[in-house]
Amino acid sequence: MQTANDPTRSSYGRDYWLRRCERFLVETRTKRIGRVVGIRYGEETNEPELLELRSGLLGRTLLLMSVDEVLEITPESRRLLVTDQPTLLTRST
């Protein structure tokens, strides 16, 4: 049951959830990419620009993905839906 103070209500917008999406699962429509482990903010705008994802076996690979790749945020299930072929900016182990 949602209440007036429930943060999963739709009145909380995209920016609100991008700032609070750590530990959200990141998926395309067909596969899992990883889990958000950090958020990087722009120096001038102080808005979320990149998401740090852990991916691969045991989460050993760190990926950086632009927030522009996020199509949908589902707070109730803690999931981000991203474009089918997301551009992963950096890979490291």
# chains A, B, ... in the order shown; residues from 1 in each chain; ligands from 1
>>> select_by_dssp(residues="region 10-53 of chain A", states="strand (DSSP E or B)", output="MDAnalysis selection string")
chainID A and resid 25:27 32:41 48:53
>>> residues_around(residues="Gly34 (chain A)", least_positions_apart="6", cutoff="6 Å", atoms="only C-alpha atoms", output="PyMOL selection string")
chain A and resi 26+53-55
>>> write_last_selection(atoms="N, CA and C atoms", output="PDB file, in the first residue's frame")
ATOM      1  N   VAL A  26      20.486  -3.720 -13.257  1.00  0.00           N
ATOM      2  CA  VAL A  26      20.464  -3.067 -14.563  1.00  0.00           C
ATOM      3  C   VAL A  26      20.285  -4.137 -15.633  1.00  0.00           C
ATOM      4  N   LEU A  53      28.724   0.147 -12.526  1.00  0.00           N
ATOM      5  CA  LEU A  53      28.071  -1.162 -12.449  1.00  0.00           C
ATOM      6  C   LEU A  53      29.101  -2.236 -12.168  1.00  0.00           C
ATOM      7  N   ARG A  54      28.709  -3.218 -11.396  1.00  0.00           N
ATOM      8  CA  ARG A  54      29.500  -4.431 -11.227  1.00  0.00           C
ATOM      9  C   ARG A  54      28.836  -5.501 -12.060  1.00  0.00           C
ATOM     10  N   SER A  55      29.641  -6.205 -12.843  1.00  0.00           N
ATOM     11  CA  SER A  55      29.116  -7.184 -13.778  1.00  0.00           C
ATOM     12  C   SER A  55      30.038  -8.397 -13.816  1.00  0.00           C
TER      13      SER A  55
END
>>> residues_around(residues="Asp15 (chain A)", least_positions_apart="5", cutoff="12 Å", atoms="only C-alpha atoms", output="list in words")
Ser10, Arg20, Cys21, Tyr41, Asn46, Glu47, Pro48, Glu49, Val67, Asp68, Val70, Glu72 and Ile73 of chain A
>>> select_by_dssp(residues="chain A", states="helix (DSSP H, G or I)", output="list of chain:residue names")
A:Arg14, A:Asp15, A:Tyr16, A:Trp17, A:Leu18, A:Leu57, A:Leu58, A:Gly59, A:Val67, A:Asp68, A:Glu69, A:Pro75, A:Glu76, A:Ser77
>>> closest_residue(among="A:Met65, A:Arg78, A:Arg40, A:Leu51", to="Arg23 (chain A)", atoms="only C-alpha atoms")
A:Arg78
>>> closest_residue(among="A:Leu58, A:Ile33, A:Leu50, A:Leu64", to="Asp84 (chain A)", atoms="only C-alpha atoms")
A:Ile33
>>> atom_distance(atom1="CA of Gln85 (chain A)", atom2="CA of Tyr16 (chain A)")
24.7 Å
>>> closest_residue(among="A:Pro86, A:Gly56, A:Gly13, A:Gly38", to="Thr74 (chain A)", atoms="only C-alpha atoms")
A:Gly13
>>> residues_around(residues="Thr83 (chain A)", least_positions_apart="4", cutoff="7 Å", atoms="only C-alpha atoms", output="mmCIF file with N, CA and C atoms, in the first residue's frame")
data_model
loop_
_atom_site.group_PDB
_atom_site.id
_atom_site.type_symbol
_atom_site.label_atom_id
_atom_site.label_comp_id
_atom_site.auth_asym_id
_atom_site.auth_seq_id
_atom_site.Cartn_x
_atom_site.Cartn_y
_atom_site.Cartn_z
ATOM 1 N N THR A 28 18.707 -5.019 -19.894
ATOM 2 C CA THR A 28 18.067 -4.656 -21.147
ATOM 3 C C THR A 28 16.777 -5.468 -21.170
ATOM 4 N N GLU A 69 21.475 6.226 -21.031
ATOM 5 C CA GLU A 69 21.112 4.880 -21.496
ATOM 6 C C GLU A 69 19.885 4.332 -20.757
ATOM 7 N N VAL A 70 19.515 4.947 -19.629
ATOM 8 C CA VAL A 70 18.399 4.455 -18.814
ATOM 9 C C VAL A 70 17.070 4.839 -19.463
ATOM 10 N N LEU A 71 16.261 3.822 -19.760
ATOM 11 C CA LEU A 71 14.953 4.037 -20.369
ATOM 12 C C LEU A 71 13.842 4.107 -19.331
#
>>> closest_residue(among="A:Leu57, A:Ser77, A:Leu18, A:Glu27", to="Ile39 (chain A)", atoms="only C-alpha atoms")
A:Leu18
